[in-house]
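**Student:** Just one file: input22.cif, with mmCIF, C-alpha atoms.
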```cif
data_upload
#
loop_
_atom_site.label_atom_id
_atom_site.label_comp_id
_atom_site.auth_asym_id
_atom_site.auth_seq_id
_atom_site.Cartn_x
_atom_site.Cartn_y
_atom_site.Cartn_z
CA MET A 1 -12.71 18.75 20.55
CA VAL A 2 -11.46 20.54 17.48
CA VAL A 3 -14.34 21.29 15.13
CA SER A 4 -13.42 20.88 11.50
CA THR A 5 -13.92 24.05 9.53
CA LEU A 6 -13.19 22.57 6.11
CA GLU A 7 -15.50 23.35 3.21
CA SER A 8 -14.53 20.19 1.31
CA SER A 9 -13.62 16.63 2.25
CA HIS A 10 -10.70 14.39 1.34
CA PRO A 11 -10.98 13.14 -2.28
CA LEU A 12 -10.86 9.50 -1.10
CA ASP A 13 -13.53 9.87 1.58
CA LYS A 14 -16.19 8.44 -0.74
CA TYR A 15 -14.36 5.09 -0.77
CA LEU A 16 -13.52 5.01 2.94
CA ARG A 17 -15.57 4.18 6.00
CA THR A 18 -14.77 7.51 7.54
CA ALA A 19 -16.48 6.68 10.84
CA ARG A 20 -13.65 4.21 11.50
CA LEU A 21 -10.89 6.78 10.92
CA PRO A 22 -8.30 7.45 12.29
CA HIS A 23 -7.23 3.90 11.55
CA ILE A 24 -5.52 1.40 13.82
CA TRP A 25 -2.08 1.59 12.18
CA CYS A 26 0.86 3.16 13.98
CA PRO A 27 2.06 6.69 13.13
CA GLY A 28 4.09 6.61 9.90
CA CYS A 29 2.92 3.17 8.80
CA GLY A 30 3.28 2.67 5.04
CA LEU A 31 0.00 0.78 4.82
CA GLY A 32 -2.01 3.99 4.72
CA ILE A 33 0.08 5.30 1.82
CA ALA A 34 -0.36 2.00 -0.03
CA LEU A 35 -4.13 1.96 0.59
CA GLY A 36 -4.45 5.55 -0.61
CA SER A 37 -2.58 4.75 -3.84
CA ILE A 38 -4.70 1.64 -4.44
CA MET A 39 -7.87 3.72 -3.92
CA ARG A 40 -6.70 6.36 -6.39
CA ALA A 41 -6.13 3.65 -9.02
CA ILE A 42 -9.62 2.25 -8.35
CA ASP A 43 -11.05 5.78 -8.46
CA LYS A 44 -9.47 6.32 -11.88
CA ARG A 45 -10.95 3.05 -13.18
CA ILE A 46 -14.41 3.84 -11.75
CA LYS A 47 -14.38 7.32 -13.29
CA GLU A 48 -13.40 5.83 -16.66
CA GLY A 49 -16.27 3.38 -16.44
CA THR A 50 -14.09 0.27 -16.81
CA LEU A 51 -14.82 -0.92 -13.27
CA LYS A 52 -18.05 -0.97 -11.28
CA LYS A 53 -17.95 -0.17 -7.60
CA GLU A 54 -20.43 -2.94 -6.75
CA ASN A 55 -18.30 -5.55 -8.55
CA LEU A 56 -15.23 -4.91 -6.45
CA VAL A 57 -14.44 -7.28 -3.57
CA PHE A 58 -11.58 -6.95 -1.10
CA VAL A 59 -10.43 -10.18 0.55
CA THR A 60 -7.86 -10.04 3.32
CA GLY A 61 -6.38 -12.50 5.77
CA ILE A 62 -4.88 -11.69 9.15
CA GLY A 63 -2.30 -9.06 9.94
CA CYS A 64 -1.80 -5.33 9.90
CA SER A 65 -2.33 -5.10 6.13
CA ALA A 66 -5.46 -7.23 6.41
CA ARG A 67 -7.09 -4.41 8.35
CA THR A 68 -7.54 -2.61 4.99
CA SER A 69 -10.86 -4.44 4.50
CA PHE A 70 -12.21 -2.60 7.56
CA TYR A 71 -11.62 0.82 6.07
CA VAL A 72 -12.71 0.42 2.45
CA ASN A 73 -16.29 1.18 1.51
CA PHE A 74 -16.57 -1.82 -0.83
CA ASP A 75 -17.63 -5.40 -0.25
CA ALA A 76 -14.92 -6.96 1.85
CA ALA A 77 -14.15 -10.23 3.61
CA HIS A 78 -11.76 -10.74 6.52
CA THR A 79 -10.80 -14.40 6.41
CA LEU A 80 -8.52 -16.91 8.11
CA HIS A 81 -4.78 -16.37 8.37
CA GLY A 82 -3.18 -17.02 4.99
CA ARG A 83 -6.38 -18.28 3.38
CA ALA A 84 -7.38 -15.04 1.66
CA ILE A 85 -6.38 -16.33 -1.80
CA ALA A 86 -8.37 -19.55 -1.32
CA PHE A 87 -11.43 -17.53 -0.29
CA ALA A 88 -10.97 -15.14 -3.22
CA THR A 89 -10.68 -18.05 -5.66
CA GLY A 90 -14.05 -19.30 -4.47
CA ALA A 91 -15.64 -15.87 -4.78
CA LYS A 92 -14.33 -15.41 -8.31
CA LEU A 93 -15.46 -18.87 -9.46
CA ALA A 94 -18.94 -18.36 -8.00
CA LYS A 95 -19.41 -14.93 -9.61
CA PRO A 96 -16.97 -14.42 -12.50
CA GLU A 97 -18.06 -10.80 -13.04
CA LEU A 98 -16.47 -9.77 -9.72
CA GLU A 99 -13.07 -8.09 -9.60
CA VAL A 100 -11.44 -9.68 -6.55
CA ILE A 101 -8.50 -7.98 -4.88
CA VAL A 102 -6.49 -9.79 -2.20
CA ILE A 103 -4.44 -7.62 0.14
CA GLY A 104 -2.07 -9.15 2.64
CA GLY A 105 1.26 -8.79 4.27
CA ASP A 106 4.37 -10.81 3.57
CA GLY A 107 3.69 -13.05 6.56
CA ASP A 108 0.11 -13.64 5.46
CA ILE A 109 0.64 -14.28 1.75
CA ALA A 110 4.22 -15.56 1.49
CA GLY A 111 4.56 -17.15 4.92
CA ILE A 112 1.39 -18.86 6.05
CA GLY A 113 -0.49 -18.68 2.75
CA GLY A 114 2.52 -19.52 0.58
CA ASN A 115 1.04 -22.67 -0.88
CA HIS A 116 -2.20 -20.93 -1.84
CA LEU A 117 -0.14 -18.27 -3.59
CA LEU A 118 1.78 -20.91 -5.57
CA HIS A 119 -1.34 -22.72 -6.69
CA ALA A 120 -3.32 -19.60 -7.58
CA ALA A 121 -0.36 -18.45 -9.69
CA LYS A 122 0.02 -21.92 -11.21
CA ARG A 123 -3.64 -21.87 -12.34
CA ASN A 124 -3.36 -18.26 -13.56
CA MET A 125 -6.43 -17.60 -11.43
CA ASP A 126 -8.13 -14.30 -12.26
CA LEU A 127 -7.19 -12.41 -9.09
CA ILE A 128 -5.18 -9.39 -8.09
CA VAL A 129 -2.86 -10.13 -5.17
CA LEU A 130 -1.22 -7.14 -3.48
CA MET A 131 1.47 -8.20 -1.03
CA ILE A 132 2.53 -5.36 1.25
CA THR A 133 6.03 -6.26 2.43
CA ASN A 134 7.16 -4.68 5.68
CA PHE A 135 9.88 -7.34 6.27
CA VAL A 136 8.54 -8.57 9.66
CA TYR A 137 5.45 -10.09 11.29
CA ALA A 138 4.45 -6.70 12.67
CA MET A 139 1.12 -7.41 14.37
CA THR A 140 2.53 -10.20 16.55
CA GLY A 141 5.54 -8.22 17.74
CA GLY A 142 8.16 -8.16 14.99
CA GLN A 143 9.26 -11.78 14.51
CA VAL A 144 11.45 -12.62 11.54
CA ALA A 145 9.40 -13.07 8.33
CA PRO A 146 10.19 -14.99 5.13
CA THR A 147 11.11 -11.71 3.44
CA THR A 148 13.41 -10.24 6.13
CA PRO A 149 16.70 -9.34 4.40
CA LEU A 150 19.89 -11.09 5.50
CA GLY A 151 21.59 -9.75 8.61
CA LEU A 152 18.86 -7.42 9.86
CA TYR A 153 17.84 -7.31 13.52
CA THR A 154 14.32 -8.25 14.54
CA THR A 155 12.71 -9.33 17.82
CA THR A 156 13.60 -13.00 17.26
CA THR A 157 16.97 -12.46 15.52
CA PRO A 158 18.96 -10.33 18.00
CA HIS A 159 22.26 -11.31 16.32
CA GLY A 160 21.06 -10.55 12.79
CA ASN A 161 18.88 -12.63 10.49
CA PRO A 162 20.92 -15.69 9.39
CA GLU A 163 18.51 -16.73 6.61
CA PRO A 164 18.45 -15.31 3.08
CA PRO A 165 14.99 -13.88 2.23
CA LEU A 166 12.33 -15.47 0.08
CA ASN A 167 12.11 -13.61 -3.20
CA VAL A 168 8.38 -13.79 -3.89
CA VAL A 169 8.62 -11.86 -7.17
CA LYS A 170 10.96 -14.54 -8.54
CA VAL A 171 8.80 -17.39 -7.23
CA VAL A 172 5.60 -16.03 -8.80
CA SER A 173 7.42 -15.21 -12.06
CA SER A 174 8.50 -18.84 -12.36
CA LEU A 175 4.81 -19.86 -12.43
CA ASN A 176 2.06 -18.87 -14.86
CA ALA A 177 1.25 -15.39 -13.57
CA ASN A 178 0.27 -12.74 -16.11
CA TYR A 179 1.58 -9.69 -14.31
CA VAL A 180 4.34 -9.43 -11.72
CA ALA A 181 5.54 -6.08 -10.43
CA ARG A 182 7.21 -4.61 -7.41
CA ALA A 183 6.40 -1.13 -6.12
CA SER A 184 7.24 0.84 -3.02
CA VAL A 185 5.21 3.16 -0.79
CA THR A 186 8.02 5.68 -1.14
CA HIS A 187 6.92 6.03 -4.78
CA PRO A 188 3.10 6.20 -4.45
CA ALA A 189 2.54 7.26 -8.05
CA LEU A 190 4.08 3.97 -9.23
CA VAL A 191 1.86 1.94 -6.87
CA GLU A 192 -1.13 3.72 -8.41
CA GLN A 193 0.14 3.11 -11.95
CA TYR A 194 0.75 -0.62 -11.44
CA VAL A 195 -2.58 -1.25 -9.68
CA TYR A 196 -4.36 0.70 -12.43
CA LYS A 197 -2.69 -1.47 -15.07
CA ALA A 198 -3.42 -4.69 -13.17
CA LEU A 199 -7.12 -3.79 -12.90
CA GLY A 200 -7.40 -3.83 -16.69
CA MET A 201 -5.79 -7.24 -17.21
CA ARG A 202 -6.88 -10.86 -16.82
CA GLY A 203 -5.22 -13.83 -15.14
CA PHE A 204 -3.11 -13.78 -12.01
CA ARG A 205 -1.70 -10.34 -11.20
CA PHE A 206 0.81 -10.01 -8.38
CA ILE A 207 2.20 -6.74 -7.05
CA GLU A 208 4.61 -6.60 -4.15
CA ILE A 209 4.54 -3.23 -2.37
CA LEU A 210 7.53 -2.50 -0.16
CA SER A 211 6.40 -0.69 2.96
CA THR A 212 7.75 0.89 6.11
CA CYS A 213 7.11 -0.24 9.68
CA PRO A 214 8.84 2.26 11.96
CA GLU A 215 7.25 1.03 15.19
CA ILE A 216 8.17 -2.66 15.03
CA PHE A 217 10.77 -3.08 12.28
CA GLY A 218 12.44 0.32 12.42
CA ARG A 219 13.13 0.34 16.15
CA HIS A 220 15.41 -2.73 15.95
CA ILE A 221 17.51 -1.30 13.14
CA GLY A 222 17.78 2.17 14.68
CA MET A 223 15.18 3.96 12.58
CA ARG A 224 12.38 4.58 15.03
CA ASP A 225 11.50 7.93 13.46
CA PRO A 226 8.98 7.36 10.61
CA PHE A 227 10.57 9.78 8.18
CA THR A 228 14.08 8.37 8.78
CA LEU A 229 12.91 4.88 7.82
CA TYR A 230 10.86 6.29 4.93
CA SER A 231 13.78 8.23 3.46
CA THR A 232 16.17 5.31 4.02
CA LEU A 233 13.87 2.98 2.09
CA ARG A 234 13.47 5.65 -0.60
CA SER A 235 17.24 5.88 -0.98
CA LYS A 236 17.45 2.08 -1.37
CA VAL A 237 14.77 1.84 -4.05
CA ILE A 238 15.97 1.69 -7.65
CA VAL A 239 13.29 2.30 -10.30
CA LYS A 240 13.79 0.45 -13.59
CA GLN A 241 11.52 0.44 -16.62
CA SER A 242 11.85 -3.26 -17.47
CA PRO A 243 14.02 -5.00 -14.88
CA SER A 244 15.11 -8.61 -15.28
CA ILE A 245 14.11 -11.28 -12.74
CA GLU A 246 17.76 -11.76 -11.73
CA GLU A 247 17.85 -8.22 -10.28
CA SER A 248 14.86 -8.80 -8.03
CA ASP A 249 16.64 -10.11 -4.90
CA LEU A 250 15.76 -8.45 -1.59
CA ASP A 251 19.07 -7.11 -0.34
CA TRP A 252 19.14 -4.35 2.27
CA GLY A 253 22.69 -3.38 1.33
CA LYS A 254 22.40 -3.23 -2.47
CA GLY A 255 18.85 -1.87 -2.56
CA PHE A 256 15.58 -3.01 -4.06
CA VAL A 257 14.83 -2.88 -7.77
CA ILE A 258 11.21 -1.95 -8.45
CA GLY A 259 9.35 -2.08 -11.74
CA GLU A 260 7.23 -4.35 -13.90
CA TYR A 261 9.01 -7.71 -14.00
CA LEU A 262 6.57 -9.64 -16.14
CA VAL A 263 3.68 -8.59 -18.39
CA ARG A 264 1.87 -11.10 -20.59
CA ASP A 265 -1.66 -11.90 -21.69
CA ASN A 266 -2.15 -15.64 -21.35
CA PRO A 267 -5.70 -16.96 -20.91
CA GLY A 268 -6.75 -17.02 -17.28
CA TYR A 269 -8.32 -19.92 -15.41
CA LEU A 270 -11.88 -18.77 -16.17
CA ASP A 271 -11.12 -18.62 -19.90
CA ARG A 272 -9.71 -22.12 -19.76
CA ILE A 273 -12.75 -23.63 -18.07
CA GLY A 274 -15.10 -21.82 -20.44
CA ARG A 275 -16.78 -19.47 -17.97
CA GLY A 276 -14.85 -16.35 -18.80
CA LEU A 277 -16.81 -13.26 -19.66
CA LYS A 278 -14.76 -12.39 -22.73
CA MET B 1 -7.37 23.57 9.29
CA SER B 2 -6.69 25.09 5.87
CA ALA B 3 -4.66 27.84 4.30
CA SER B 4 -4.50 28.98 0.72
CA SER B 5 -2.07 30.73 -1.56
CA THR B 6 -3.17 32.36 -4.78
CA LYS B 7 -3.17 28.95 -6.46
CA PHE B 8 -3.35 26.10 -3.97
CA ARG B 9 -5.08 25.35 -0.72
CA VAL B 10 -3.60 22.81 1.72
CA ASN B 11 -6.32 21.27 3.90
CA ILE B 12 -5.46 19.30 7.04
CA ILE B 13 -8.07 17.13 8.74
CA THR B 14 -6.53 17.65 12.16
CA ASN B 15 -8.21 14.83 14.06
CA ARG B 16 -6.86 12.17 11.68
CA CYS B 17 -3.23 13.28 12.04
CA LYS B 18 -0.80 11.02 13.93
CA GLU B 19 2.26 13.29 13.90
CA CYS B 20 4.46 10.97 11.83
CA GLY B 21 6.17 13.90 10.11
CA ILE B 22 6.25 12.35 6.62
CA CYS B 23 4.37 15.28 5.02
CA ILE B 24 6.83 17.75 6.56
CA GLY B 25 9.77 15.65 5.32
CA VAL B 26 8.61 15.07 1.74
CA CYS B 27 7.53 18.64 0.97
CA PRO B 28 10.08 19.97 -1.54
CA THR B 29 9.45 23.64 -0.72
CA LYS B 30 9.01 23.26 3.08
CA VAL B 31 5.45 24.55 3.21
CA LEU B 32 4.49 22.52 6.27
CA VAL B 33 5.80 23.07 9.77
CA LYS B 34 5.01 21.00 12.85
CA GLY B 35 2.46 22.86 14.93
CA ASP B 36 2.28 23.23 18.71
CA LYS B 37 -1.45 22.56 19.18
CA HIS B 38 -2.72 19.07 19.94
CA ASN B 39 -5.70 17.40 18.28
CA GLU B 40 -8.26 15.38 20.23
CA HIS B 41 -5.99 12.30 20.24
CA GLY B 42 -3.00 14.24 21.54
CA PHE B 43 -0.99 14.54 18.32
CA ARG B 44 0.51 17.81 17.11
CA TYR B 45 -0.68 18.32 13.56
CA PRO B 46 1.35 20.22 10.91
CA LEU B 47 0.50 23.74 9.82
CA PRO B 48 0.84 25.06 6.24
CA VAL B 49 2.76 28.12 7.39
CA ASN B 50 4.64 28.90 4.18
CA ILE B 51 1.63 28.36 1.94
CA GLU B 52 2.76 30.98 -0.59
CA ARG B 53 5.61 28.61 -1.58
CA CYS B 54 3.25 25.71 -2.43
CA ILE B 55 3.74 24.37 -5.97
CA GLY B 56 0.85 21.89 -5.85
CA CYS B 57 2.91 18.71 -6.26
CA ARG B 58 0.59 16.83 -3.86
CA LEU B 59 3.45 14.78 -2.38
CA CYS B 60 2.02 15.46 1.10
CA GLU B 61 -1.40 14.20 0.01
CA TYR B 62 -0.02 11.06 -1.66
CA ASN B 63 2.35 10.27 1.22
CA CYS B 64 0.01 10.87 4.14
CA PRO B 65 -0.72 7.46 5.71
CA ASP B 66 -3.77 8.77 7.56
CA PHE B 67 -5.82 10.44 4.77
CA ALA B 68 -5.44 13.63 6.78
CA ILE B 69 -4.12 16.11 4.21
CA PHE B 70 -5.20 17.11 0.73
CA VAL B 71 -4.41 19.86 -1.72
CA GLU B 72 -6.97 21.76 -3.75
CA VAL B 73 -6.58 24.15 -6.64
CA VAL B 74 -8.17 27.46 -5.75
CA LYS B 75 -10.61 28.64 -8.40
CA LYS B 76 -10.44 32.36 -8.98
#
```
Could you take the file, read its structure, and then write that structure out as structure tokens?
**Tutor:**
Amino acid sequence: MVVSTLESSHPLDKYLRTARLPHIWCPGCGLGIALGSIMRAIDKRIKEGTLKKENLVFVTGIGCSARTSFYVNFDAAHTLHGRAIAFATGAKLAKPELEVIVIGGDGDIAGIGGNHLLHAAKRNMDLIVLMITNFVYAMTGGQVAPTTPLGLYTTTTPHGNPEPPLNVVKVVSSLNANYVARASVTHPALVEQYVYKALGMRGFRFIEILSTCPEIFGRHIGMRDPFTLYSTLRSKVIVKQSPSIEESDLDWGKGFVIGEYLVRDNPGYLDRIGRGLK
Amino acid sequence: MSASSTKFRVNIITNRCKECGICIGVCPTKVLVKGDKHNEHGFRYPLPVNIERCIGCRLCEYNCPDFAIFVEVVKK
């Protein structure tokens, strides 16, 4: 047993259930980077006084990314597979003063919970949805996901994925969402910036966070080493200040454009039914 | 585990480390080096050997997936 001799603790320890650390995720998993960036954005809002810690609720479904609700020291709910947005809608309608954050993977939110995503975005429901895209169903063994780019190898596509991916940013932009952005764990400062901005807005806010999965996704494409996959994804990410929706396609060859795709301030669902706080 | 230069201190919570090597890879001035000691889970944690080169960019802190590393400004 190595006894810690540190005089100070990690700056995010006050928001983490430290007794549960080290977490369940594999070495080099991007989820920890994403969670850290989200916590720093929340920390900034709490220090400013624009967000109360007791009003924050994390709702997650099933999957690797859904394990985030086990490690955060806020109110959290771990719900059925794909139904996190439905649960969060109920929580927000029952107590409109809550700030509800849904975290899920691409399989959870775009695959199994796809219809809930469409309808929450259609209503402009006052939620923040963070979709952490690692391109496969990682917890169940690396099956092909709706967002797997064309031609990549996974456990169930040994000859390359024959299906073009689902572009969730484009789908949500075509509905009534107020904020649509794409970030990447290889640029953690941008994740923090977008989550910080989303926390101060109303209506439906959707952020897709591209992530790395060296253990399940990387091993089939020859990038088993975490830093190799991390630096490969970083080289494929193109940061743009105000990208157009047409550039948002997920293409492993051409790279991924990240940035704020859509920012507007339409009235949210709670404003429309007359129970909004503003 | 911690080491400090005249300006910055790099702290490593050794038992949270999972030896992914991202902190070593992202460091622009190559402060961190993979160590040869194992923590209680059997992972070899990094050591801030070249701490005098640290510029305090915090890329290691922001990119650590395991909340195992953080940088402090030394008050003198």
**Student:** I need the residue set behind the PyMOL selection byres ((chain A and resi 116) around 12) for this file; please write it as a count of residues only.
**Tutor:** 28
**Student:** Of the candidates A:Leu12, A:Cys26, A:Met139, A:Ile33, which shows the shortest atom-to-atom distance to B:Glu19, using all atoms listed in the file?
**Tutor:**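 Nearest candidate to B:Glu19 out of A:Leu12, A:Cys26, A:Met139, A:Ile33: A:Cys26.
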**Student:** Just the residues within 12 Å of A:Thr50, please, counting all atoms listed in the file, with nothing from its chain fewer than 3 positions along; format it as a list in words.
**Tutor:**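 My list of contacting residues is Ala41, Ile42, Asp43, Lys44, Arg45, Ile46, Lys47, Lys53, Asn55, Leu56, Glu99, Tyr196, Lys197, Leu199, Gly200 and Met201 of chain A.
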**Student:** Decode the PyMOL selection byres ((chain A) within 6 of (chain B)) for the given file into explicit residues and return them as a PyMOL selection string.
**Tutor:** chain A and resi 1+22+27-28+32-33+226-227
**Student:** So what does the PyMOL selection byres ((chain A and resi 179) around 12) actually pick up in this one, as an MDAnalysis selection string?
**Tutor:** chainID A and resid 121 124:130 169 172:178 180:182 194:195 197:208 259:266 268
**Student:** If you keep C-alpha atoms, can you produce a file of those selected residues as a short mmCIF file (atom, residue, chain, number, x, y, z; two decimals), in the coordinates of the input?
**Tutor:**
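Output below, filename out_14.cif:
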```cif
data_model
loop_
_atom_site.label_atom_id
_atom_site.label_comp_id
_atom_site.auth_asym_id
_atom_site.auth_seq_id
_atom_site.Cartn_x
_atom_site.Cartn_y
_atom_site.Cartn_z
CA ALA A 121 -0.36 -18.45 -9.69
CA ASN A 124 -3.36 -18.26 -13.56
CA MET A 125 -6.43 -17.60 -11.43
CA ASP A 126 -8.13 -14.30 -12.26
CA LEU A 127 -7.19 -12.41 -9.09
CA ILE A 128 -5.18 -9.39 -8.09
CA VAL A 129 -2.86 -10.13 -5.17
CA LEU A 130 -1.22 -7.14 -3.48
CA VAL A 169 8.62 -11.86 -7.17
CA VAL A 172 5.60 -16.03 -8.80
CA SER A 173 7.42 -15.21 -12.06
CA SER A 174 8.50 -18.84 -12.36
CA LEU A 175 4.81 -19.86 -12.43
CA ASN A 176 2.06 -18.87 -14.86
CA ALA A 177 1.25 -15.39 -13.57
CA ASN A 178 0.27 -12.74 -16.11
CA VAL A 180 4.34 -9.43 -11.72
CA ALA A 181 5.54 -6.08 -10.43
CA ARG A 182 7.21 -4.61 -7.41
CA TYR A 194 0.75 -0.62 -11.44
CA VAL A 195 -2.58 -1.25 -9.68
CA LYS A 197 -2.69 -1.47 -15.07
CA ALA A 198 -3.42 -4.69 -13.17
CA LEU A 199 -7.12 -3.79 -12.90
CA GLY A 200 -7.40 -3.83 -16.69
CA MET A 201 -5.79 -7.24 -17.21
CA ARG A 202 -6.88 -10.86 -16.82
CA GLY A 203 -5.22 -13.83 -15.14
CA PHE A 204 -3.11 -13.78 -12.01
CA ARG A 205 -1.70 -10.34 -11.20
CA PHE A 206 0.81 -10.01 -8.38
CA ILE A 207 2.20 -6.74 -7.05
CA GLU A 208 4.61 -6.60 -4.15
CA GLY A 259 9.35 -2.08 -11.74
CA GLU A 260 7.23 -4.35 -13.90
CA TYR A 261 9.01 -7.71 -14.00
CA LEU A 262 6.57 -9.64 -16.14
CA VAL A 263 3.68 -8.59 -18.39
CA ARG A 264 1.87 -11.10 -20.59
CA ASP A 265 -1.66 -11.90 -21.69
CA ASN A 266 -2.15 -15.64 -21.35
CA GLY A 268 -6.75 -17.02 -17.28
#
```
**Student:** So how far away is atom CA of A:Pro11 from atom CA of A:Glu48, in Å?
**Tutor:**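 We find that atom CA of A:Glu48 and atom CA of A:Pro11 lie 16.3 Å from each other.
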**Student:** Can you tell me which residues surround A:Thr212 at a distance of at most 9 Å, considering all atoms listed in the file, apart from same-chain residues fewer than 2 positions away, and format the answer as a list of chain:residue names?
**Tutor:**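 The filter keeps A:Gly28, A:Cys29, A:Gly30, A:Leu31, A:Thr133, A:Asn134, A:Phe135, A:Val185, A:Thr186, A:Leu210, A:Pro214, A:Phe217, A:Gly218, A:Pro226, A:Leu229, A:Tyr230, A:Leu233.
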**Student:** Can you tell me how far atom CA of A:Gly90 sits from atom CA of A:Tyr71, in Å to one decimal?
**Tutor:** 22.8 Å
**Student:** Report, in Å with one decimal, the straight-line distance from atom CA of A:Ala76 to atom CA of A:Val100.
**Tutor:**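 Going from atom CA of A:Ala76 over to atom CA of A:Val100, I get 9.5 Å.
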**Student:** Counting only C-alpha atoms, figure out which residue out of B:Val33, B:Cys27, B:Leu47, B:Val73 gets nearest to B:Cys60.
**Tutor:**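 Closest residue, counting only C-alpha atoms: B:Cys27.
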**Student:** Show me, as a ChimeraX atom specification, the residues that have an atom within 12 Å of A:Pro158 when counting all atoms listed in the file, minus same-chain residues fewer than 6 positions from it.
**Tutor:** /A:142-144,151-152,220-221
**Student:** Residues within 12 Å of (10.7, -6.4, 1.2), file coordinates, counting only C-alpha atoms: what are they? Give the list as a PyMOL selection string.
**Tutor:** chain A and resi 105-107+110+131-137+145-150+152+164-169+182-185+207-213+217+233+236-237+248-252+255-258
**Student:** Mind checking which residues fall within 7 Å of B:Pro46, counting only C-alpha atoms, ignoring those fewer than 4 positions away in the same chain, and posting them as a PyMOL selection string?
**Tutor:** chain B and resi 32-35
**Student:** Using all atoms listed in the file, pick whichever of A:Lys52, A:Pro267, A:Val57, A:His23 has the shortest atom-to-atom distance to A:Lys92.
**Tutor:**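 Nearest to A:Lys92: A:Val57.
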**Student:** Box for stretch 34-41 of chain B: with edges along x, y and z, all listed atoms inside and 4 Å added on each side, what are the centre and edge lengths in Å to one decimal, as lines of an AutoDock Vina configuration file?
**Tutor:**
```
center_x = -1.6
center_y = 17.8
center_z = 16.5
size_x = 21.3
size_y = 18.9
size_z = 15.4
```
**Student:** Quick one: residues within 10 Å of B:Asn50, all atoms listed in the file, excluding same-chain residues fewer than 2 positions away - as a VMD selection string?
**Tutor:** chain B and resid 3 to 5 29 to 33 47 to 48 52 to 54
